[in-house]
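Dropping data-v6.cif in here (mmCIF, C-alpha atoms and all ligand atoms):
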```cif
data_entry
#
loop_
_atom_site.label_atom_id
_atom_site.label_comp_id
_atom_site.auth_asym_id
_atom_site.auth_seq_id
_atom_site.Cartn_x
_atom_site.Cartn_y
_atom_site.Cartn_z
CA MET A 15 23.23 -23.08 133.65
CA ASP A 16 23.34 -23.14 129.86
CA LEU A 17 20.22 -23.22 127.74
CA LEU A 18 20.48 -26.89 126.85
CA SER A 19 20.64 -28.06 130.46
CA PHE A 20 17.87 -25.65 131.39
CA VAL A 21 15.58 -27.12 128.71
CA LEU A 22 16.57 -30.61 129.83
CA CYS A 23 15.67 -29.80 133.43
CA VAL A 24 12.29 -28.41 132.46
CA LEU A 25 11.57 -31.54 130.43
CA LEU A 26 12.67 -33.85 133.23
CA GLU A 27 10.52 -32.01 135.70
CA ALA A 28 7.49 -32.14 133.41
CA LEU A 29 8.06 -35.87 132.97
CA ALA A 30 8.30 -36.43 136.73
CA VAL A 31 5.16 -34.43 137.41
CA TYR A 32 3.34 -36.22 134.63
CA SER A 33 4.30 -39.67 135.86
CA GLN A 34 2.92 -38.87 139.33
CA ASP A 35 -0.49 -38.39 137.81
CA ALA A 36 -0.63 -41.84 136.29
CA GLY A 37 -3.45 -42.65 138.71
CA GLU A 38 -1.70 -45.11 140.95
CA GLU A 39 -2.71 -44.95 144.57
CA ARG A 40 -0.28 -44.41 147.38
CA ILE A 41 -0.66 -45.30 151.08
CA VAL A 42 -3.57 -47.63 150.43
CA GLY A 43 -6.89 -45.88 149.74
CA GLY A 44 -5.55 -42.40 150.45
CA TYR A 45 -5.10 -39.17 148.58
CA ALA A 46 -2.49 -36.52 147.89
CA PRO A 47 -2.49 -33.80 150.54
CA VAL A 48 -1.92 -30.16 149.58
CA PRO A 49 1.84 -30.06 148.88
CA HIS A 50 3.87 -29.15 151.98
CA SER A 51 0.82 -29.07 154.24
CA ILE A 52 2.18 -32.01 156.26
CA LYS A 53 5.44 -30.44 157.38
CA TYR A 54 6.49 -32.69 160.25
CA ILE A 55 7.01 -35.78 158.10
CA VAL A 56 10.46 -36.79 156.89
CA SER A 57 11.65 -39.35 154.38
CA VAL A 58 14.29 -41.69 155.76
CA GLN A 59 16.58 -42.62 152.86
CA THR A 60 19.73 -44.52 152.09
CA THR A 61 22.75 -42.34 151.37
CA ASN A 62 22.04 -42.97 147.68
CA ARG A 63 18.61 -41.42 148.07
CA GLN A 64 16.38 -44.48 148.17
CA HIS A 65 13.38 -43.83 150.40
CA PHE A 66 12.76 -46.77 152.74
CA CYS A 67 10.93 -45.41 155.81
CA GLY A 68 9.06 -42.40 157.13
CA GLY A 69 9.72 -40.47 160.31
CA PHE A 70 8.67 -37.24 161.98
CA LEU A 71 10.33 -34.26 163.58
CA VAL A 72 9.70 -33.68 167.28
CA SER A 73 12.34 -30.93 167.54
CA PRO A 74 14.79 -29.43 165.03
CA SER A 75 17.40 -32.02 166.03
CA TRP A 76 15.28 -35.10 166.70
CA VAL A 77 13.30 -37.46 164.50
CA ILE A 78 11.14 -40.36 165.65
CA THR A 79 10.88 -43.42 163.43
CA ALA A 80 10.43 -47.19 163.87
CA ALA A 81 13.24 -49.28 165.36
CA HIS A 82 12.93 -51.68 162.43
CA CYS A 83 13.99 -48.81 160.13
CA ASN A 84 17.53 -49.00 161.52
CA ILE A 85 19.76 -50.01 158.60
CA GLY A 86 22.92 -48.61 160.22
CA ILE A 87 23.84 -45.00 160.87
CA GLU A 88 26.41 -44.83 158.07
CA ARG A 89 23.84 -45.77 155.46
CA MET A 90 21.06 -43.37 156.42
CA MET A 91 20.03 -39.82 155.71
CA ILE A 92 16.93 -37.80 156.54
CA VAL A 93 15.06 -35.51 154.15
CA ALA A 94 12.72 -32.88 155.62
CA GLY A 95 10.56 -30.48 153.58
CA ASP A 96 9.95 -33.02 150.83
CA TYR A 97 6.76 -33.70 148.90
CA SER A 98 7.64 -35.29 145.60
CA LEU A 99 10.66 -37.54 146.02
CA SER A 100 11.46 -37.44 142.32
CA VAL A 101 11.35 -33.68 141.84
CA TYR A 102 13.83 -31.26 143.34
CA GLU A 103 11.50 -28.64 144.81
CA GLY A 104 14.08 -26.48 146.54
CA THR A 105 12.32 -26.99 149.90
CA GLU A 106 14.21 -30.15 150.87
CA GLN A 107 16.67 -30.23 153.75
CA GLU A 108 18.97 -33.24 153.77
CA VAL A 109 20.59 -34.08 157.07
CA PHE A 110 22.62 -36.95 158.45
CA PRO A 111 22.11 -38.77 161.73
CA GLN A 112 24.53 -38.18 164.58
CA PHE A 113 23.10 -40.90 166.86
CA LEU A 114 20.49 -43.60 166.51
CA VAL A 115 18.78 -44.55 169.76
CA THR A 116 16.79 -47.74 169.20
CA HIS A 117 14.52 -48.67 172.08
CA PRO A 118 16.59 -51.08 174.21
CA GLN A 119 13.70 -53.53 174.42
CA TYR A 120 12.90 -53.59 170.69
CA HIS A 121 12.32 -57.12 169.53
CA TYR A 122 12.30 -57.75 165.79
CA GLN A 123 10.28 -60.96 165.97
CA THR A 124 7.37 -59.57 167.99
CA ASN A 125 7.75 -55.96 166.77
CA ASN A 126 7.38 -54.90 170.39
CA TYR A 127 8.94 -51.52 171.35
CA ASP A 128 9.28 -50.59 167.66
CA ILE A 129 10.52 -47.04 168.16
CA MET A 130 13.79 -45.24 167.48
CA LEU A 131 15.03 -41.72 168.05
CA ILE A 132 17.42 -40.13 165.59
CA LYS A 133 19.56 -37.18 166.67
CA LEU A 134 20.49 -35.13 163.62
CA LYS A 135 24.06 -33.95 163.03
CA THR A 136 22.79 -30.47 162.26
CA PRO A 137 19.33 -29.21 163.20
CA VAL A 138 16.83 -28.60 160.42
CA VAL A 139 15.59 -25.05 159.86
CA LEU A 140 11.90 -24.71 160.73
CA ASN A 141 10.07 -22.77 158.01
CA ASN A 142 6.96 -22.92 155.80
CA TYR A 143 7.89 -26.43 154.67
CA VAL A 144 9.38 -27.97 157.80
CA SER A 145 7.88 -28.08 161.28
CA ILE A 146 7.63 -30.29 164.33
CA VAL A 147 4.66 -32.27 165.64
CA LEU A 148 3.51 -32.38 169.26
CA LEU A 149 3.64 -35.62 171.20
CA PRO A 150 0.87 -37.02 173.39
CA ARG A 151 1.26 -36.65 177.16
CA ASP A 152 2.82 -39.47 179.12
CA ASP A 153 0.51 -42.49 179.06
CA ALA A 154 -2.36 -40.54 177.42
CA ALA A 155 -5.00 -42.87 175.99
CA ILE A 156 -6.62 -42.16 172.66
CA PRO A 157 -10.34 -43.03 172.54
CA VAL A 158 -11.49 -45.80 170.21
CA GLY A 159 -13.06 -44.28 167.10
CA THR A 160 -10.87 -41.15 167.07
CA MET A 161 -10.00 -40.30 163.47
CA CYS A 162 -6.28 -40.07 162.86
CA ARG A 163 -4.12 -39.26 159.89
CA VAL A 164 -1.29 -41.43 158.61
CA SER A 165 0.94 -40.23 155.79
CA GLY A 166 3.84 -41.58 153.81
CA TRP A 167 5.59 -42.45 150.59
CA GLY A 168 4.88 -46.17 150.98
CA TYR A 169 3.27 -48.76 148.72
CA THR A 170 -0.26 -48.34 147.52
CA SER A 171 -1.09 -52.00 147.50
CA PRO A 172 0.24 -54.99 149.44
CA THR A 173 1.51 -56.50 146.23
CA GLY A 174 3.92 -53.64 146.07
CA GLY A 175 4.51 -51.93 142.83
CA SER A 176 6.91 -49.13 143.39
CA ILE A 177 7.47 -46.48 145.98
CA PRO A 178 5.31 -43.52 144.95
CA SER A 179 7.00 -40.25 144.26
CA SER A 180 4.69 -37.93 146.13
CA LEU A 181 3.30 -38.00 149.61
CA ARG A 182 -0.07 -39.62 150.35
CA THR A 183 -2.29 -39.46 153.39
CA VAL A 184 -5.38 -41.23 154.73
CA THR A 185 -7.59 -40.89 157.81
CA LEU A 186 -8.45 -43.93 159.89
CA PRO A 187 -10.25 -44.64 163.17
CA ILE A 188 -8.53 -46.07 166.24
CA ILE A 189 -9.66 -49.66 166.87
CA SER A 190 -9.84 -51.15 170.36
CA SER A 191 -6.98 -53.43 171.35
CA ALA A 192 -9.53 -56.06 172.40
CA LYS A 193 -10.92 -56.21 168.88
CA CYS A 194 -7.46 -56.02 167.30
CA ASN A 195 -6.26 -58.87 169.49
CA SER A 196 -9.26 -61.13 168.86
CA THR A 197 -8.90 -64.55 167.23
CA GLY A 198 -10.20 -63.39 163.85
CA SER A 199 -7.62 -60.63 163.90
CA PHE A 200 -4.14 -60.43 165.44
CA ASN A 201 -4.91 -63.11 168.02
CA GLY A 202 -2.93 -61.86 171.01
CA ARG A 203 0.00 -60.33 169.19
CA ILE A 204 -0.97 -56.75 170.11
CA THR A 205 0.96 -55.62 173.20
CA GLU A 206 0.28 -52.56 175.32
CA ASN A 207 2.97 -50.79 173.29
CA MET A 208 0.88 -51.11 170.13
CA LEU A 209 -2.31 -49.57 168.88
CA CYS A 210 -4.44 -50.40 165.85
CA ALA A 211 -6.12 -48.14 163.32
CA GLY A 212 -8.22 -49.01 160.30
CA PHE A 213 -11.65 -50.05 159.10
CA ASP A 214 -13.30 -53.45 159.65
CA LEU A 215 -13.60 -53.90 155.93
CA GLY A 216 -10.09 -52.69 155.22
CA GLY A 217 -9.49 -50.58 152.13
CA LYS A 218 -7.46 -47.86 153.80
CA ASP A 219 -4.13 -48.40 155.49
CA ALA A 220 -0.45 -47.66 155.68
CA CYS A 221 1.77 -50.12 153.81
CA GLN A 222 5.40 -51.09 153.15
CA GLY A 223 7.56 -47.97 153.06
CA ASP A 224 5.27 -46.03 155.39
CA SER A 225 6.96 -47.51 158.44
CA GLY A 226 8.27 -45.04 160.95
CA GLY A 227 5.77 -42.43 159.82
CA PRO A 228 3.35 -40.65 162.16
CA LEU A 229 -0.26 -41.45 163.04
CA VAL A 230 -1.57 -38.06 164.10
CA CYS A 231 -4.72 -37.70 166.20
CA ASP A 232 -5.96 -34.38 167.62
CA GLY A 233 -2.76 -32.72 166.44
CA ARG A 234 -0.41 -35.11 168.24
CA ALA A 235 1.64 -38.04 166.98
CA TYR A 236 0.07 -40.95 168.88
CA GLY A 237 1.46 -43.71 166.69
CA VAL A 238 4.48 -44.80 164.64
CA VAL A 239 3.73 -47.00 161.60
CA SER A 240 5.05 -50.39 162.67
CA TRP A 241 3.57 -53.52 161.08
CA GLY A 242 0.55 -55.32 159.70
CA ILE A 243 -0.51 -58.37 157.72
CA GLY A 244 -0.65 -57.37 154.09
CA CYS A 245 -2.12 -53.89 153.75
CA ALA A 246 -5.71 -52.68 153.96
CA GLU A 247 -7.08 -56.20 154.45
CA ALA A 248 -10.43 -56.70 156.23
CA GLN A 249 -9.93 -57.74 159.90
CA PHE A 250 -6.27 -56.69 159.80
CA PRO A 251 -5.83 -53.01 160.60
CA GLY A 252 -2.42 -51.34 160.67
CA VAL A 253 -0.42 -51.69 163.87
CA TYR A 254 1.34 -48.65 165.34
CA THR A 255 3.77 -48.13 168.22
CA THR A 256 1.97 -46.35 171.08
CA VAL A 257 3.97 -43.13 171.41
CA SER A 258 2.35 -42.09 174.73
CA LYS A 259 3.90 -45.17 176.37
CA PHE A 260 7.31 -43.86 175.40
CA ARG A 261 6.90 -40.23 176.29
CA ARG A 262 9.21 -40.49 179.29
CA TRP A 263 11.79 -42.51 177.40
CA ILE A 264 11.71 -39.92 174.58
CA ASP A 265 12.06 -36.95 176.94
CA ASN A 266 14.81 -38.63 178.96
CA THR A 267 16.75 -39.62 175.85
CA ILE A 268 16.58 -36.15 174.32
CA PHE A 269 17.59 -34.62 177.65
CA SER A 270 20.55 -36.93 178.13
CA TYR A 271 21.98 -36.11 174.71
CA TYR A 272 21.47 -32.38 175.20
CA ASN A 273 25.13 -31.62 175.77
CA CYS A 274 26.46 -33.73 172.90
CA LYS A 275 28.03 -31.30 170.49
CA SER A 276 27.98 -32.08 166.80
CA ILE A 277 31.41 -32.89 165.54
N1 LIG E 301 6.59 -52.74 158.24
C1 LIG E 301 6.18 -51.90 157.19
C2 LIG E 301 7.34 -51.01 156.73
O1 LIG E 301 8.46 -51.32 157.04
C3 LIG E 301 4.95 -51.12 157.51
C4 LIG E 301 3.80 -51.98 157.50
C5 LIG E 301 2.56 -51.31 157.82
N2 LIG E 301 1.54 -52.18 157.35
C6 LIG E 301 0.25 -51.95 157.47
N3 LIG E 301 -0.55 -52.80 156.94
N4 LIG E 301 -0.19 -50.90 158.08
O2 LIG E 301 7.18 -50.12 155.94
#
```
Written as structure tokens, that's how I'd like the structure from this file.
Ligand code: ARG
Amino acid sequence: MDLLSFVLCVLLEALAVYSQDAGEERIVGGYAPVPHSIKYIVSVQTTNRQHFCGGFLVSPSWVITAAHCNIGIERMMIVAGDYSLSVYEGTEQEVFPQFLVTHPQYHYQTNNYDIMLIKLKTPVVLNNYVSIVLLPRDDAAIPVGTMCRVSGWGYTSPTGGSIPSSLRTVTLPIISSAKCNSTGSFNGRITENMLCAGFDLGGKDACQGDSGGPLVCDGRAYGVVSWGIGCAEAQFPGVYTTVSKFRRWIDNTIFSYYNCKSI
């Protein structure tokens, strides 16, 4: 690299770092985790590097995300080991999907069964920046009130703004399905494949662009960011796909693709 391009790179990097500190919030009401401390999260991007969903690694070759994040296998790529999307940190691993396995019962109008497995063409390398997350046991329930962490590169307010450049995280309690399904709230739209997390008064939540990302409780990914009404509104917590309901489907799917060689 010649001197001019080196200086240019340093300037661009400084600019990118500076613009992250402009004070805008990401994930609503959250904060920036220690860089690379959340290693299981991936950014799901278009092939021209536009982040549009989150996801998480459950093995070096498999990512879980939301079914509604399926924009077509040819248009997607997965970035592991990322923190700031706008800065090349040297820790990123970019991989392409080999197969997308959307849950066969996914329904885009009800958001029911909003889960998808992505088999990667080449496995990621697990290291100090990239790891996997454990899954809950089959049908394991998570007690109401358990504090869980959701992370992502999504919007910081329901009115949008732009996709933030660095990762944000927030901790939220699990809310009972009875409360989440009550008339003042989601009024019956919460199925047994969904769980809710948030505060009665709102203020902290996942938002657009966080979809597909993990809700981690007691070290296991119990939820996949799925949907909501606005973001961080009182009475309307975030809705997540209940991963424990899909544990068998996940295991069976991964097992059945075990002998598929990458081409
Ligand atoms: N569906 C959104 C996405 O595609 C995620 C919405 C989550 N909303 C919420 N209020 N928790 O990114």
- Between A:Val93, A:Leu149, A:Ile268, A:Leu140, which one has atoms that come closest to A:Phe113, using only C-alpha atoms?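 Closest residue, counting only C-alpha atoms: A:Ile268.
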Go ahead and fit an axis-aligned box to every listed atom of ligand LIG 301 (chain E) plus 5 Å each side, and pass me the centre and edge lengths in Å, one decimal, as JSON.
```
{"center_x": 4.0, "center_y": -51.5, "center_z": 157.1, "size_x": 19.0, "size_y": 12.7, "size_z": 12.3}
```
- Message: 9 Å from ligand LIG 301 (chain E) is the threshold here; counting only C-alpha atoms and all ligand atoms, which polymer residues fall inside it? Answer as a PyMOL selection string.
- Response: chain A and resi 41-42+66-68+80+82-83+168-169+172+210-212+218-227+239-247+250-254
Would you output that residue set with C-alpha atoms, as a JSON list (two decimals), keeping the file's coordinate frame?
```json
[["chain", "number", "residue", "atom", "x", "y", "z"],
["A", 41, "ILE", "CA", -0.66, -45.30, 151.08],
["A", 42, "VAL", "CA", -3.57, -47.63, 150.43],
["A", 66, "PHE", "CA", 12.76, -46.77, 152.74],
["A", 67, "CYS", "CA", 10.93, -45.41, 155.81],
["A", 68, "GLY", "CA", 9.06, -42.40, 157.13],
["A", 80, "ALA", "CA", 10.43, -47.19, 163.87],
["A", 82, "HIS", "CA", 12.93, -51.68, 162.43],
["A", 83, "CYS", "CA", 13.99, -48.81, 160.13],
["A", 168, "GLY", "CA", 4.88, -46.17, 150.98],
["A", 169, "TYR", "CA", 3.27, -48.76, 148.72],
["A", 172, "PRO", "CA", 0.24, -54.99, 149.44],
["A", 210, "CYS", "CA", -4.44, -50.40, 165.85],
["A", 211, "ALA", "CA", -6.12, -48.14, 163.32],
["A", 212, "GLY", "CA", -8.22, -49.01, 160.30],
["A", 218, "LYS", "CA", -7.46, -47.86, 153.80],
["A", 219, "ASP", "CA", -4.13, -48.40, 155.49],
["A", 220, "ALA", "CA", -0.45, -47.66, 155.68],
["A", 221, "CYS", "CA", 1.77, -50.12, 153.81],
["A", 222, "GLN", "CA", 5.40, -51.09, 153.15],
["A", 223, "GLY", "CA", 7.56, -47.97, 153.06],
["A", 224, "ASP", "CA", 5.27, -46.03, 155.39],
["A", 225, "SER", "CA", 6.96, -47.51, 158.44],
["A", 226, "GLY", "CA", 8.27, -45.04, 160.95],
["A", 227, "GLY", "CA", 5.77, -42.43, 159.82],
["A", 239, "VAL", "CA", 3.73, -47.00, 161.60],
["A", 240, "SER", "CA", 5.05, -50.39, 162.67],
["A", 241, "TRP", "CA", 3.57, -53.52, 161.08],
["A", 242, "GLY", "CA", 0.55, -55.32, 159.70],
["A", 243, "ILE", "CA", -0.51, -58.37, 157.72],
["A", 244, "GLY", "CA", -0.65, -57.37, 154.09],
["A", 245, "CYS", "CA", -2.12, -53.89, 153.75],
["A", 246, "ALA", "CA", -5.71, -52.68, 153.96],
["A", 247, "GLU", "CA", -7.08, -56.20, 154.45],
["A", 250, "PHE", "CA", -6.27, -56.69, 159.80],
["A", 251, "PRO", "CA", -5.83, -53.01, 160.60],
["A", 252, "GLY", "CA", -2.42, -51.34, 160.67],
["A", 253, "VAL", "CA", -0.42, -51.69, 163.87],
["A", 254, "TYR", "CA", 1.34, -48.65, 165.34]]
```
- Would you kindly return, as a list of chain:residue names, each protein, DNA or RNA residue with an atom no farther than 7 Å from any atom of stretch 97-109 of chain A, considering all atoms listed in the file and excluding same-chain residues fewer than 5 positions away?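 My reading of the contact set: A:Glu27, A:Ala30, A:Pro49, A:His50, A:Met91, A:Ile92, A:Leu134, A:Lys135, A:Thr136, A:Val138, A:Tyr143, A:Ser179, A:Ser180, A:Leu181.
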- Find the residues with any atom within 9 Å of (-0.9, -55.3, 170.7); use all atoms listed in the file and the coordinates as given in the file, and write the answer as an MDAnalysis selection string. chainID A and resid 126 191:192 194:195 200 202:210 253:255
Once you have the residues from the selection above, write them out as an mmCIF file, keeping the file's coordinate frame, restricted to C-alpha atoms.
```cif
data_model
loop_
_atom_site.group_PDB
_atom_site.id
_atom_site.type_symbol
_atom_site.label_atom_id
_atom_site.label_comp_id
_atom_site.auth_asym_id
_atom_site.auth_seq_id
_atom_site.Cartn_x
_atom_site.Cartn_y
_atom_site.Cartn_z
ATOM 1 C CA ASN A 126 7.380 -54.900 170.390
ATOM 2 C CA SER A 191 -6.980 -53.430 171.350
ATOM 3 C CA ALA A 192 -9.530 -56.060 172.400
ATOM 4 C CA CYS A 194 -7.460 -56.020 167.300
ATOM 5 C CA ASN A 195 -6.260 -58.870 169.490
ATOM 6 C CA PHE A 200 -4.140 -60.430 165.440
ATOM 7 C CA GLY A 202 -2.930 -61.860 171.010
ATOM 8 C CA ARG A 203 0.000 -60.330 169.190
ATOM 9 C CA ILE A 204 -0.970 -56.750 170.110
ATOM 10 C CA THR A 205 0.960 -55.620 173.200
ATOM 11 C CA GLU A 206 0.280 -52.560 175.320
ATOM 12 C CA ASN A 207 2.970 -50.790 173.290
ATOM 13 C CA MET A 208 0.880 -51.110 170.130
ATOM 14 C CA LEU A 209 -2.310 -49.570 168.880
ATOM 15 C CA CYS A 210 -4.440 -50.400 165.850
ATOM 16 C CA VAL A 253 -0.420 -51.690 163.870
ATOM 17 C CA TYR A 254 1.340 -48.650 165.340
ATOM 18 C CA THR A 255 3.770 -48.130 168.220
#
```
- Message: With only C-alpha atoms as the counted atoms, please give the residues lying no more than 8 Å from A:His65, apart from itself and same-chain residues fewer than 5 positions off, as a list in words.
- Response: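 In the requested form, the answer reads Ser57, Val58, Gln59, Thr60, Trp167, Ile177 and Gly223 of chain A.
Atom to atom, atom CA of A:Cys162 and atom CA of A:Asp232 stand 7.4 Å apart.
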- Task: Mind listing whatever residues come within 12 Å of the point (13.2, -27.7, 168.4)? Use all atoms listed in the file, file coordinates, and give them as a PyMOL selection string.
- Result: chain A and resi 54+71-77+133-134+136-141+144-148+268+272
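Between atom CA of A:Tyr127 and atom CA of A:Val230 the separation is 18.6 Å.
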- Work out how far atom CA of A:Phe260 is from atom CA of A:Asp128, in Å to one decimal.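 Going from atom CA of A:Asp128 over to atom CA of A:Phe260 covers 10.4 Å.
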- Given the choices A:Ser165, A:Asn142, A:Ser270, A:Asn201, which gets closest to A:Gly95 if the distance is worked out from all atoms listed in the file?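 For A:Gly95, the nearest of the given residues is A:Asn142.
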- Task: Check the smallest atom-to-atom distance from each of A:Phe213, A:Tyr236, A:Trp263, A:Tyr122 to A:Pro150 using all atoms listed in the file, then report the winner.
- Result: A:Tyr236
- Message: If we count all atoms listed in the file and set the cut-off at 12 Å, which residues sit around A:Arg151, ignoring sequence neighbours fewer than 5 positions away in its own chain? Please answer as a VMD selection string.
- Response: chain A and resid 156 234 to 236 256 to 262 264 to 265
Working from the structure I just supplied, which lacks atoms in stretch 76-89 of chain A, can you model N, CA, C and O atoms there and output them as a short mmCIF file (atom, residue, chain, number, x, y, z; two decimals), in the coordinates of the input?
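Here's the written file result.cif:
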```
data_model
loop_
_atom_site.label_atom_id
_atom_site.label_comp_id
_atom_site.auth_asym_id
_atom_site.auth_seq_id
_atom_site.Cartn_x
_atom_site.Cartn_y
_atom_site.Cartn_z
N TRP A 76 15.70 -33.73 166.39
CA TRP A 76 15.28 -35.10 166.70
C TRP A 76 14.12 -35.58 165.83
O TRP A 76 13.10 -34.91 165.71
N VAL A 77 14.32 -36.80 165.31
CA VAL A 77 13.30 -37.46 164.50
C VAL A 77 12.88 -38.73 165.22
O VAL A 77 13.72 -39.41 165.83
N ILE A 78 11.60 -39.05 165.17
CA ILE A 78 11.14 -40.36 165.65
C ILE A 78 10.81 -41.21 164.43
O ILE A 78 10.23 -40.72 163.46
N THR A 79 11.22 -42.47 164.48
CA THR A 79 10.88 -43.42 163.43
C THR A 79 10.71 -44.79 164.10
O THR A 79 10.67 -44.88 165.33
N ALA A 80 10.57 -45.84 163.31
CA ALA A 80 10.43 -47.19 163.87
C ALA A 80 11.82 -47.80 164.07
O ALA A 80 12.74 -47.53 163.30
N ALA A 81 11.96 -48.62 165.11
CA ALA A 81 13.24 -49.28 165.36
C ALA A 81 13.61 -50.19 164.19
O ALA A 81 14.79 -50.35 163.86
N HIS A 82 12.61 -50.76 163.53
CA HIS A 82 12.93 -51.68 162.43
C HIS A 82 13.43 -50.94 161.19
O HIS A 82 13.81 -51.57 160.21
N CYS A 83 13.44 -49.60 161.24
CA CYS A 83 13.99 -48.81 160.13
C CYS A 83 15.50 -48.59 160.28
O CYS A 83 16.11 -47.89 159.48
N ASN A 84 16.10 -49.17 161.31
CA ASN A 84 17.53 -49.00 161.52
C ASN A 84 18.33 -49.87 160.55
O ASN A 84 18.40 -51.08 160.70
N ILE A 85 18.94 -49.25 159.55
CA ILE A 85 19.76 -50.01 158.60
C ILE A 85 21.24 -49.70 158.84
O ILE A 85 22.10 -50.07 158.05
N GLY A 86 21.53 -48.98 159.92
CA GLY A 86 22.92 -48.61 160.22
C GLY A 86 23.14 -47.13 159.95
O GLY A 86 22.79 -46.64 158.88
N ILE A 87 23.72 -46.45 160.92
CA ILE A 87 23.84 -45.00 160.87
C ILE A 87 24.60 -44.50 159.64
O ILE A 87 24.26 -43.46 159.06
N GLU A 88 25.58 -45.27 159.20
CA GLU A 88 26.41 -44.83 158.07
C GLU A 88 25.65 -44.85 156.75
O GLU A 88 26.06 -44.25 155.77
N ARG A 89 24.55 -45.59 156.73
CA ARG A 89 23.84 -45.77 155.46
C ARG A 89 22.57 -44.93 155.37
O ARG A 89 21.81 -45.05 154.43
#
```
